[in-house]
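Chemist: Contents are compact mmCIF, C-alpha atoms; file name model_37.txt:
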# COMPACT_ATOMS: atom_id res chain seq x y z
CA MET A 13 36.19 8.36 -7.66
CA SER A 14 32.43 7.67 -7.46
CA GLU A 15 31.09 6.48 -4.11
CA ILE A 16 29.74 2.92 -3.96
CA PHE A 17 27.23 1.47 -1.50
CA SER A 18 27.99 -2.14 -0.55
CA GLY A 19 25.09 -2.97 1.80
CA SER A 20 22.10 -5.27 1.24
CA PHE A 21 18.58 -3.99 0.59
CA THR A 22 17.05 -7.33 1.61
CA GLN A 23 18.96 -8.24 4.77
CA GLN A 24 16.84 -8.02 7.91
CA GLU A 25 18.00 -7.43 11.44
CA PRO A 26 18.37 -10.61 13.52
CA LEU A 27 15.50 -11.52 15.79
CA SER A 28 15.87 -10.35 19.38
CA ASP A 29 16.99 -12.68 22.13
CA ALA A 30 13.45 -12.52 23.55
CA ALA A 31 11.92 -13.64 20.24
CA ILE A 32 14.46 -16.45 19.85
CA ALA A 33 13.85 -17.65 23.42
CA ALA A 34 10.09 -17.64 22.87
CA ALA A 35 10.47 -19.59 19.63
CA LEU A 36 12.74 -22.15 21.28
CA GLU A 37 10.18 -22.71 24.04
CA VAL A 38 7.48 -23.49 21.45
CA MET A 39 9.82 -25.81 19.59
CA ARG A 40 10.77 -27.61 22.80
CA ASN A 41 7.16 -28.32 23.73
CA GLY A 42 6.28 -29.26 20.15
CA ARG A 43 2.82 -27.68 20.27
CA LEU A 44 3.06 -25.47 17.19
CA HIS A 45 -0.61 -25.68 16.19
CA ARG A 46 -2.53 -22.85 17.78
CA TYR A 47 -5.22 -25.10 19.27
CA ASN A 48 -2.75 -27.75 20.48
CA VAL A 49 -2.51 -26.43 24.06
CA GLU A 50 -2.79 -28.09 27.43
CA ALA A 51 -5.69 -27.46 29.78
CA GLY A 52 -5.45 -23.95 31.15
CA GLU A 53 -2.56 -23.02 28.83
CA LEU A 54 -2.74 -19.77 26.87
CA GLY A 55 -1.27 -20.40 23.43
CA GLU A 56 1.08 -17.94 21.77
CA ALA A 57 -1.35 -17.16 18.92
CA ALA A 58 -4.18 -16.38 21.33
CA LEU A 59 -1.90 -14.17 23.44
CA LEU A 60 -0.64 -12.37 20.33
CA GLU A 61 -4.22 -11.58 19.32
CA GLN A 62 -5.09 -10.32 22.78
CA GLU A 63 -1.99 -8.11 22.95
CA PHE A 64 -2.32 -6.67 19.44
CA ALA A 65 -6.00 -5.88 19.98
CA ALA A 66 -5.08 -3.97 23.14
CA GLN A 67 -2.16 -2.25 21.39
CA MET A 68 -4.44 -1.05 18.59
CA GLY A 69 -7.44 -0.25 20.78
CA ALA A 70 -9.57 -2.82 18.96
CA LYS A 71 -12.12 -5.21 20.42
CA TYR A 72 -11.16 -8.23 18.34
CA CYS A 73 -8.07 -9.60 16.60
CA LEU A 74 -7.30 -12.68 14.51
CA ALA A 75 -3.81 -13.96 13.62
CA VAL A 76 -3.59 -15.64 10.21
CA ALA A 77 -1.14 -17.05 7.69
CA SER A 78 -0.49 -13.88 5.67
CA GLY A 79 -1.61 -10.33 5.04
CA GLY A 80 -3.21 -11.43 1.78
CA TYR A 81 -5.19 -14.10 3.62
CA ALA A 82 -6.31 -11.45 6.13
CA MET A 83 -7.64 -9.27 3.30
CA ALA A 84 -9.50 -12.11 1.58
CA THR A 85 -10.95 -13.18 4.92
CA ALA A 86 -12.07 -9.61 5.64
CA LEU A 87 -13.79 -9.43 2.25
CA ARG A 88 -15.68 -12.66 2.91
CA ALA A 89 -16.49 -11.61 6.46
CA VAL A 90 -18.11 -8.32 5.36
CA GLY A 91 -20.23 -10.22 2.83
CA VAL A 92 -18.47 -9.81 -0.53
CA LYS A 93 -19.68 -12.49 -2.95
CA SER A 94 -18.59 -13.77 -6.33
CA GLY A 95 -19.41 -11.23 -9.03
CA ASP A 96 -19.46 -8.23 -6.67
CA LYS A 97 -17.38 -5.17 -7.48
CA VAL A 98 -14.83 -3.92 -4.95
CA LEU A 99 -13.12 -0.55 -5.15
CA THR A 100 -9.36 -0.48 -4.63
CA ASN A 101 -6.23 1.56 -5.42
CA ALA A 102 -4.67 1.60 -8.86
CA PHE A 103 -1.31 2.03 -7.10
CA THR A 104 -0.82 -1.01 -4.91
CA LEU A 105 0.81 -4.45 -4.94
CA ALA A 106 -0.58 -7.68 -6.37
CA PRO A 107 -1.92 -9.24 -3.11
CA VAL A 108 -4.55 -6.47 -2.85
CA PRO A 109 -6.41 -7.04 -6.14
CA GLY A 110 -5.45 -10.69 -5.71
CA SER A 111 -7.48 -10.88 -2.51
CA ILE A 112 -10.47 -9.43 -4.37
CA ALA A 113 -10.10 -11.90 -7.23
CA SER A 114 -9.70 -14.79 -4.77
CA VAL A 115 -13.29 -14.37 -3.59
CA GLY A 116 -14.56 -14.11 -7.17
CA ALA A 117 -15.11 -10.34 -7.00
CA GLU A 118 -14.07 -7.71 -9.54
CA PRO A 119 -11.57 -4.93 -8.73
CA VAL A 120 -12.60 -1.41 -9.71
CA PHE A 121 -9.46 0.71 -9.67
CA VAL A 122 -9.37 4.22 -8.22
CA GLY A 123 -6.67 6.63 -9.34
CA VAL A 124 -3.52 7.76 -7.56
CA THR A 125 -2.39 11.33 -6.87
CA GLU A 126 1.11 12.79 -7.07
CA ASP A 127 1.31 12.32 -3.29
CA LEU A 128 0.90 8.57 -3.95
CA VAL A 129 -2.45 8.26 -2.17
CA ILE A 130 -5.86 7.25 -3.48
CA ASP A 131 -7.49 10.02 -5.55
CA LEU A 132 -10.44 11.05 -3.39
CA ASP A 133 -12.19 12.89 -6.23
CA ASP A 134 -12.04 9.71 -8.31
CA LEU A 135 -13.22 7.70 -5.30
CA ALA A 136 -16.22 10.01 -4.85
CA ALA A 137 -17.09 9.60 -8.54
CA LYS A 138 -16.89 5.79 -8.34
CA ALA A 139 -18.32 5.23 -4.85
CA GLY A 140 -21.70 4.20 -6.25
CA GLN A 141 -20.16 1.28 -8.18
CA ALA A 142 -19.44 -0.93 -5.15
CA LYS A 143 -20.34 -1.53 -1.52
CA VAL A 144 -16.78 -2.20 -0.34
CA LEU A 145 -13.47 -0.34 -0.62
CA MET A 146 -10.25 -2.30 -0.12
CA LEU A 147 -8.09 0.71 0.73
CA SER A 148 -4.36 0.15 0.28
CA HIS A 149 -2.10 2.48 2.25
CA MET A 150 0.48 1.75 -0.39
CA ARG A 151 4.12 2.19 0.64
CA GLY A 152 3.00 3.77 3.89
CA HIS A 153 1.21 6.84 2.47
CA LEU A 154 -2.02 7.82 4.23
CA CYS A 155 -4.63 9.87 2.40
CA ASP A 156 -6.99 12.32 4.13
CA MET A 157 -8.79 9.62 6.10
CA ASP A 158 -11.40 12.03 7.43
CA ARG A 159 -12.54 12.92 3.91
CA LEU A 160 -12.28 9.32 2.72
CA MET A 161 -14.49 8.02 5.52
CA LYS A 162 -17.03 10.80 4.87
CA ILE A 163 -17.21 9.82 1.19
CA CYS A 164 -17.61 6.15 2.03
CA ASP A 165 -20.05 6.63 4.88
CA GLU A 166 -22.30 8.82 2.75
CA ALA A 167 -22.22 6.26 -0.10
CA GLY A 168 -22.74 3.26 2.19
CA VAL A 169 -19.31 1.82 1.33
CA THR A 170 -17.64 -0.46 3.88
CA VAL A 171 -13.90 0.24 4.22
CA ILE A 172 -11.30 -2.47 4.72
CA GLU A 173 -7.82 -1.05 5.33
CA ASP A 174 -4.74 -2.78 3.94
CA CYS A 175 -2.15 -1.68 6.50
CA ALA A 176 0.72 -3.86 5.29
CA HIS A 177 2.93 -0.74 5.11
CA THR A 178 1.34 1.32 7.91
CA MET A 179 1.57 -0.73 11.09
CA GLY A 180 2.53 1.95 13.61
CA ALA A 181 1.24 4.85 11.48
CA ALA A 182 -1.72 7.14 12.20
CA TRP A 183 -3.92 9.86 10.73
CA ASN A 184 -4.83 12.72 13.08
CA GLY A 185 -3.84 10.48 15.98
CA VAL A 186 -6.04 7.56 14.90
CA ALA A 187 -4.02 4.41 14.27
CA SER A 188 -3.96 3.08 10.73
CA GLY A 189 -6.51 0.28 10.52
CA ARG A 190 -8.89 1.80 13.07
CA GLN A 191 -11.07 3.94 10.79
CA GLY A 192 -12.46 1.24 8.52
CA ALA A 193 -14.57 -1.75 9.52
CA VAL A 194 -11.48 -3.99 9.36
CA GLY A 195 -7.74 -3.39 9.49
CA CYS A 196 -5.42 -5.95 7.89
CA TYR A 197 -1.68 -6.16 8.58
CA SER A 198 1.20 -8.17 7.20
CA CYS A 199 4.01 -9.78 9.20
CA GLN A 200 5.96 -10.83 6.11
CA THR A 201 9.74 -10.39 6.25
CA TYR A 202 9.81 -6.93 4.62
CA LYS A 203 7.08 -5.46 6.84
CA HIS A 204 7.29 -3.78 10.25
CA VAL A 205 7.36 -7.03 12.19
CA ASN A 206 8.94 -10.17 10.78
CA SER A 207 7.71 -13.74 11.08
CA GLY A 208 8.61 -14.66 7.51
CA GLU A 209 4.92 -14.82 6.65
CA GLY A 210 1.88 -13.94 8.71
CA GLY A 211 -1.02 -11.53 9.06
CA LEU A 212 -3.27 -9.86 11.61
CA LEU A 213 -6.87 -8.68 11.30
CA ILE A 214 -8.62 -6.33 13.73
CA THR A 215 -12.23 -5.13 13.98
CA ASP A 216 -14.78 -3.84 16.47
CA ASP A 217 -17.64 -5.65 14.72
CA GLU A 218 -18.55 -8.87 16.52
CA ASP A 219 -20.16 -10.52 13.50
CA ILE A 220 -17.19 -9.75 11.23
CA ALA A 221 -14.84 -11.07 13.92
CA ALA A 222 -16.80 -14.28 14.44
CA ARG A 223 -17.04 -14.99 10.71
CA ALA A 224 -13.31 -14.30 10.27
CA ILE A 225 -12.40 -16.70 13.08
CA MET A 226 -14.60 -19.44 11.62
CA LEU A 227 -13.23 -18.81 8.11
CA SER A 228 -9.66 -19.08 9.40
CA GLY A 229 -10.23 -22.66 10.48
CA SER A 230 -11.22 -22.56 14.13
CA TYR A 231 -13.56 -25.54 13.76
CA MET A 232 -15.56 -25.32 17.00
CA LEU A 233 -12.57 -24.23 19.09
CA PHE A 234 -13.39 -20.52 18.92
CA GLU A 235 -13.71 -20.34 22.72
CA ARG A 236 -9.91 -20.71 22.91
CA HIS A 237 -9.50 -17.24 21.40
CA LEU A 238 -8.82 -14.40 23.83
CA ALA A 239 -9.69 -11.48 21.51
CA ALA A 240 -12.95 -12.89 20.13
CA PRO A 241 -16.68 -12.18 20.55
CA ASP A 242 -18.84 -13.97 23.08
CA PRO A 243 -19.58 -17.61 22.12
CA SER A 244 -23.24 -16.65 21.61
CA VAL A 245 -22.20 -14.61 18.54
CA PHE A 246 -20.76 -17.75 16.95
CA ASP A 247 -24.11 -19.49 17.36
CA ARG A 248 -25.48 -17.17 14.66
CA ILE A 249 -22.88 -18.03 12.03
CA LYS A 250 -21.02 -21.25 12.88
CA TYR A 251 -23.08 -23.58 10.67
CA GLU A 252 -23.07 -21.36 7.58
CA THR A 253 -19.46 -20.10 7.56
CA PRO A 254 -16.99 -22.31 5.67
CA ASN A 255 -13.60 -23.35 7.00
CA ILE A 256 -10.89 -21.89 4.74
CA SER A 257 -7.92 -22.76 6.87
CA GLY A 258 -5.29 -20.07 7.20
CA ARG A 259 -4.41 -19.95 10.87
CA MET A 260 -1.21 -18.57 12.30
CA ASP A 261 0.83 -21.12 14.27
CA ASN A 262 2.24 -20.66 17.76
CA LEU A 263 5.83 -20.49 16.52
CA ARG A 264 5.28 -17.41 14.40
CA ALA A 265 3.14 -15.84 17.10
CA ALA A 266 5.93 -16.36 19.65
CA ILE A 267 8.39 -14.61 17.33
CA LEU A 268 6.02 -11.68 16.83
CA ARG A 269 5.00 -10.86 20.38
CA PRO A 270 8.35 -9.30 21.43
CA GLN A 271 8.57 -7.43 18.13
CA LEU A 272 5.16 -5.82 18.58
CA ALA A 273 6.13 -4.74 22.07
CA ASP A 274 9.11 -2.94 20.51
CA LEU A 275 7.25 -1.42 17.56
CA ASP A 276 7.36 2.23 18.67
CA THR A 277 11.14 2.11 19.04
CA GLN A 278 11.50 0.55 15.59
CA VAL A 279 9.26 3.20 14.05
CA GLU A 280 11.54 5.94 15.42
CA ARG A 281 14.56 4.17 13.92
CA TRP A 282 12.90 3.84 10.50
CA ASN A 283 11.86 7.46 10.46
CA ALA A 284 15.35 8.69 11.31
CA ARG A 285 16.65 6.79 8.27
CA TYR A 286 13.79 7.95 6.07
CA ARG A 287 14.36 11.60 6.98
CA CYS A 288 18.06 11.26 6.22
CA VAL A 289 17.38 9.95 2.71
CA GLU A 290 14.53 12.41 2.18
CA GLU A 291 16.69 15.39 3.09
CA GLY A 292 19.44 14.19 0.77
CA LEU A 293 17.01 13.88 -2.15
CA ARG A 294 15.10 17.09 -1.61
CA ASP A 295 15.42 19.61 -4.48
CA THR A 296 17.24 17.16 -6.74
CA PRO A 297 16.96 18.56 -10.30
CA GLY A 298 14.22 16.81 -12.28
CA SER A 299 12.64 14.97 -9.35
CA ARG A 300 10.59 15.53 -6.25
CA VAL A 301 10.07 13.77 -2.95
CA ILE A 302 6.57 13.04 -1.67
CA ASN A 303 4.86 15.56 0.58
CA ARG A 304 3.94 14.13 4.01
CA PRO A 305 0.84 15.85 5.48
CA GLU A 306 1.01 17.28 8.99
CA ALA A 307 -1.88 15.01 10.05
CA GLU A 308 0.06 11.90 9.03
CA THR A 309 2.21 9.92 11.44
CA TYR A 310 4.17 7.72 9.06
CA VAL A 311 6.58 4.80 9.20
CA GLY A 312 9.47 5.35 6.78
CA SER A 313 10.33 1.75 5.95
CA SER A 314 10.54 2.69 2.27
CA ILE A 315 10.89 5.90 0.31
CA GLN A 316 9.60 7.03 -3.06
CA PHE A 317 10.41 9.91 -5.36
CA LEU A 318 8.91 11.00 -8.66
CA LEU A 319 10.54 11.42 -12.05
CA LEU A 320 7.38 12.82 -13.59
CA ASP A 321 7.13 13.06 -17.37
CA TRP A 322 10.55 11.50 -17.94
CA SER A 323 10.93 9.10 -20.84
CA SER A 324 11.05 5.43 -19.84
CA ASP A 325 14.59 5.19 -21.24
CA LYS A 326 15.81 7.95 -18.93
CA VAL A 327 14.11 6.48 -15.86
CA GLN A 328 15.67 3.11 -16.62
CA GLU A 329 19.04 4.81 -17.05
CA VAL A 330 18.73 6.20 -13.51
CA ILE A 331 17.82 2.74 -12.20
CA ARG A 332 20.79 1.19 -14.03
CA ARG A 333 23.32 3.80 -12.95
CA CYS A 334 22.24 3.66 -9.31
CA GLY A 335 22.35 -0.15 -9.45
CA GLU A 336 25.94 -0.04 -10.68
CA ARG A 337 26.77 1.96 -7.57
CA GLY A 338 25.04 -0.52 -5.26
CA VAL A 339 21.68 1.25 -4.81
CA GLU A 340 18.69 -0.98 -5.60
CA LEU A 341 15.70 0.98 -6.90
CA LYS A 342 12.34 -0.28 -8.14
CA TRP A 343 10.18 1.34 -10.82
CA PHE A 344 6.41 1.18 -11.28
CA GLY A 345 6.46 2.30 -14.90
CA GLY A 346 7.65 -0.89 -16.55
CA ALA A 347 5.48 -2.60 -19.15
CA GLU A 348 6.04 -5.99 -17.49
CA PRO A 349 5.86 -6.82 -13.76
CA ILE A 350 9.24 -7.49 -12.15
CA ALA A 351 9.54 -9.26 -8.77
CA PHE A 352 7.13 -7.50 -6.37
CA THR A 353 6.65 -4.49 -8.65
CA SER A 354 3.54 -4.47 -10.82
CA ARG A 355 0.66 -2.12 -11.60
CA TYR A 356 -3.08 -2.29 -12.25
CA ASP A 357 -2.80 -3.11 -15.94
CA SER A 358 -0.51 -6.07 -15.09
CA TRP A 359 -3.44 -7.91 -13.44
CA ARG A 360 -5.30 -9.30 -16.44
CA TYR A 361 -7.82 -11.16 -14.30
CA ALA A 362 -9.35 -7.70 -13.72
CA ASN A 363 -11.40 -5.99 -16.41
CA LYS A 364 -9.37 -3.52 -18.45
CA GLN A 365 -9.69 0.03 -17.15
CA SER A 366 -8.39 3.38 -18.36
CA LEU A 367 -6.66 5.69 -15.86
CA PRO A 368 -4.45 7.98 -17.98
CA GLU A 369 -3.49 10.40 -15.19
CA SER A 370 -2.58 7.48 -12.93
CA ASP A 371 -0.55 5.98 -15.78
CA ARG A 372 1.45 9.21 -15.92
CA ILE A 373 2.15 9.09 -12.19
CA LEU A 374 2.95 5.37 -12.09
CA ALA A 375 5.44 5.90 -14.93
CA GLY A 376 7.39 8.26 -12.67
CA ILE A 377 7.38 6.39 -9.33
CA VAL A 378 10.78 5.20 -8.13
CA ASP A 379 10.77 3.15 -4.95
CA MET A 380 13.41 2.03 -2.45
CA ARG A 381 13.38 -0.02 0.75
CA VAL A 382 14.94 1.51 3.86
CA PRO A 383 16.02 -1.47 6.00
CA LEU A 384 16.92 -0.99 9.65
CA THR A 385 20.23 -2.66 8.87
CA PHE A 386 21.26 0.66 7.24
CA SER A 387 23.08 3.19 9.39
CA LEU A 388 22.39 6.91 9.07
CA GLU A 389 25.73 7.19 7.29
CA ASP A 390 24.55 4.54 4.82
CA CYS A 391 21.37 6.53 4.21
CA ALA A 392 23.28 9.73 3.57
CA LEU A 393 25.56 7.91 1.11
CA ILE A 394 22.60 6.33 -0.71
CA ALA A 395 20.95 9.74 -1.04
CA ARG A 396 24.13 11.25 -2.50
CA ILE A 397 24.35 8.46 -5.07
CA ILE A 398 20.71 8.79 -6.15
CA ARG A 399 20.93 12.58 -6.26
CA ALA A 400 24.05 12.50 -8.41
CA GLU A 401 22.67 9.98 -10.89
CA VAL A 402 19.24 11.61 -11.22
CA ALA A 403 20.87 14.99 -11.80
CA ALA A 404 23.34 13.55 -14.31
CA VAL A 405 20.64 11.87 -16.39
CA PHE A 406 18.34 14.91 -16.15
CA GLN A 407 21.14 17.18 -17.35
CA GLY A 408 22.13 14.78 -20.11
CA GLN A 409 25.58 13.94 -18.76
Output the structure of this file as structure tokens.
Modeler:
Amino acid sequence: MSEIFSGSFTQQEPLSDAAIAAALEVMRNGRLHRYNVEAGELGEAALLEQEFAAQMGAKYCLAVASGGYAMATALRAVGVKSGDKVLTNAFTLAPVPGSIASVGAEPVFVGVTEDLVIDLDDLAAKAGQAKVLMLSHMRGHLCDMDRLMKICDEAGVTVIEDCAHTMGAAWNGVASGRQGAVGCYSCQTYKHVNSGEGGLLITDDEDIAARAIMLSGSYMLFERHLAAPDPSVFDRIKYETPNISGRMDNLRAAILRPQLADLDTQVERWNARYRCVEEGLRDTPGSRVINRPEAETYVGSSIQFLLLDWSSDKVQEVIRRCGERGVELKWFGGAEPIAFTSRYDSWRYANKQSLPESDRILAGIVDMRVPLTFSLEDCALIARIIRAEVAAVFQGQ
């Protein structure tokens, strides 16, 4: 009899006792707004920013309402204006080009390789078309960041890193988000820390940091931030920077602080699960897992494999058969966006672009979450199910 997986791909682990206690304390005092603090009190949002900046080795940090808001704020803070072009990945999720469109700019898509990272040859060819790259480390895959930064530095392109899937990851020992001018992180439920919604932005540039804080809705309360530039920096920009309110509240910050302190432990747990699934899928007939470079320290909160050059009917048959056995897979080759899964030609607010080699790769990407609620035994079972169904469809059974 065929094995069946009965777990949930969307169920998160419960919050820790420390996070729950911190949240209860905020709720008891009623001061949820980040600037609603008593004299001498250090609010949870300000403490979160201070701690995350130190954790990442950054000078400045801002906590905001979402990862998408962090990206849009970063774009505004580095000077992107309506009508500007911004380079970004063809393989990403909708909030990335959405952040570009939200400031009135135009996404210019850069291709994806079979290792699911930005195509650096294509980036080099297009670098002269824009002054900013919104780099998406999609699904936790880091490209050769040394080469990418060389390309962008030589072309005068400012890099903003979308680290929604790479909090805790690194390239050659440099934390994800620390090579570009700005690093943006998500704290949404399916990311590496969970406050339902939320985002973090880090930078070493005092002008970018000051503009971001003003944009987030600090009014003239920027001196209450603990990971912010000197007040004199705000004097240069405070009258010309609009308030586009998107602050994080103290409740979410309180929930996040214990989680960030435990991030390294969680990364180890994710990677144990990832490696278990990866090993089970390796050498499956008709498919391949993604190569992870030696220089990359990754966080395996999801896993992808490629069914390259398969017909769409056969890919969908794999998805269907795995689904019938309890394994929820997502596919980036569908003609219509489904749930969170979409691709560059789904976003019709962007000018139509032709990326035939990326189309071929996108048509073969199969994606799966790896929640920490899964045991290693669960992961091994899931891999057996996927392996069996991929092989069966590939062999025409």
Chemist: Please provide the set of residues having any atom within 8 Å of Gln271 (chain A), restricted to all atoms listed in the file, with same-chain residues fewer than 4 positions apart removed, written as a PyMOL selection string.
Modeler: chain A and resi 28+31+205-206+267+275
Chemist: In Å, how far is it from CA of Leu36 (chain A) to CA of Gly208 (chain A)?
Modeler: 16.2 Å
Chemist: Near Ala181 (chain A), within 12 Å and counting all atoms listed in the file, which residues show up once chain neighbours fewer than 4 positions away are dropped, as a ChimeraX atom specification?
Modeler: /A:68,149,151-155,175-177,185-190,197,204,275-276,278-280,282-283,307-313
Chemist: Using all atoms listed in the file, find the one residue out of A:Met226, A:Met39, A:Leu105, A:Ile130 that sits nearest to Arg355 (chain A).
Modeler: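 Among the listed residues, the smallest separation from Arg355 (chain A) belongs to A:Leu105.
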Chemist: Considering all atoms listed in the file, can you say which of A:Asp321, A:Glu37, A:Asp295, A:Asp133 comes closest to Arg372 (chain A)?
Modeler: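 Comparing A:Asp321, A:Glu37, A:Asp295, A:Asp133 against Arg372 (chain A), the winner is A:Asp321.
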Chemist: Enter the distance from CA of Gly42 (chain A) to CA of Ala65 (chain A), in Å, rounded to one decimal.
Modeler: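 Spanning CA of Gly42 (chain A) to CA of Ala65 (chain A) is a straight-line distance of 26.4 Å.
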Chemist: Is it possible to get the residues within 6 Å of (-4.9, -1.1, -14.9) (coordinates as in the file, counting all atoms listed in the file) written as a ChimeraX atom specification?
Modeler: /A:356-357,365
Chemist: Give me the residues within 10 Å of Thr85 (chain A) as an MDAnalysis selection string, counting only C-alpha atoms and dropping any in the same chain fewer than 5 places off.
Modeler: chainID A and resid 76 79:80 90:92 111 114:115 196 213 220 223:228 256 258
Chemist: Given the point (3.6, -9.7, -20.3) in the coordinates of this file, which residues lie within 12 Å, counting all atoms listed in the file, and how would they look as an NGL selection string?
Modeler: :A and (346-350 or 354-355 or 357-360)
Chemist: Report the distance between CA of Val245 (chain A) and CA of Ile214 (chain A) in Å, rounded to one decimal place.
Modeler: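 Separation of CA of Val245 (chain A) and CA of Ile214 (chain A): 16.6 Å.
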Chemist: Given only C-alpha atoms as the basis, pick out the residue of A:Gly19, A:Phe317, A:Leu87, A:Glu389 nearest to Pro297 (chain A).
Modeler: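 The shortest atom-to-atom distance to Pro297 (chain A) comes from A:Phe317.
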Chemist: With all atoms listed in the file as the basis for distance, which of A:Phe386, A:Ile373, A:Arg46, A:Val38 is at the shortest distance from Gly123 (chain A)?
Modeler: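 So, comparing all the options, the nearest one is A:Ile373.
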Chemist: Between A:Ser14, A:Thr353, A:Leu135, A:Leu160, which one has atoms that come closest to Glu401 (chain A), using only C-alpha atoms?
Modeler: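 With only C-alpha atoms as the atom set, the closest residue is A:Ser14.
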Chemist: Tell me which protein, DNA and RNA residues are within 9 Å of Thr170 (chain A), counting only C-alpha atoms, leaving out same-chain ones fewer than 4 positions away, and put them as a list in words.
Modeler: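 So the residues in contact are Val90, Lys143, Val144, Leu145, Met146, Cys164, Asp165, Gly192, Ala193 and Val194 of chain A.
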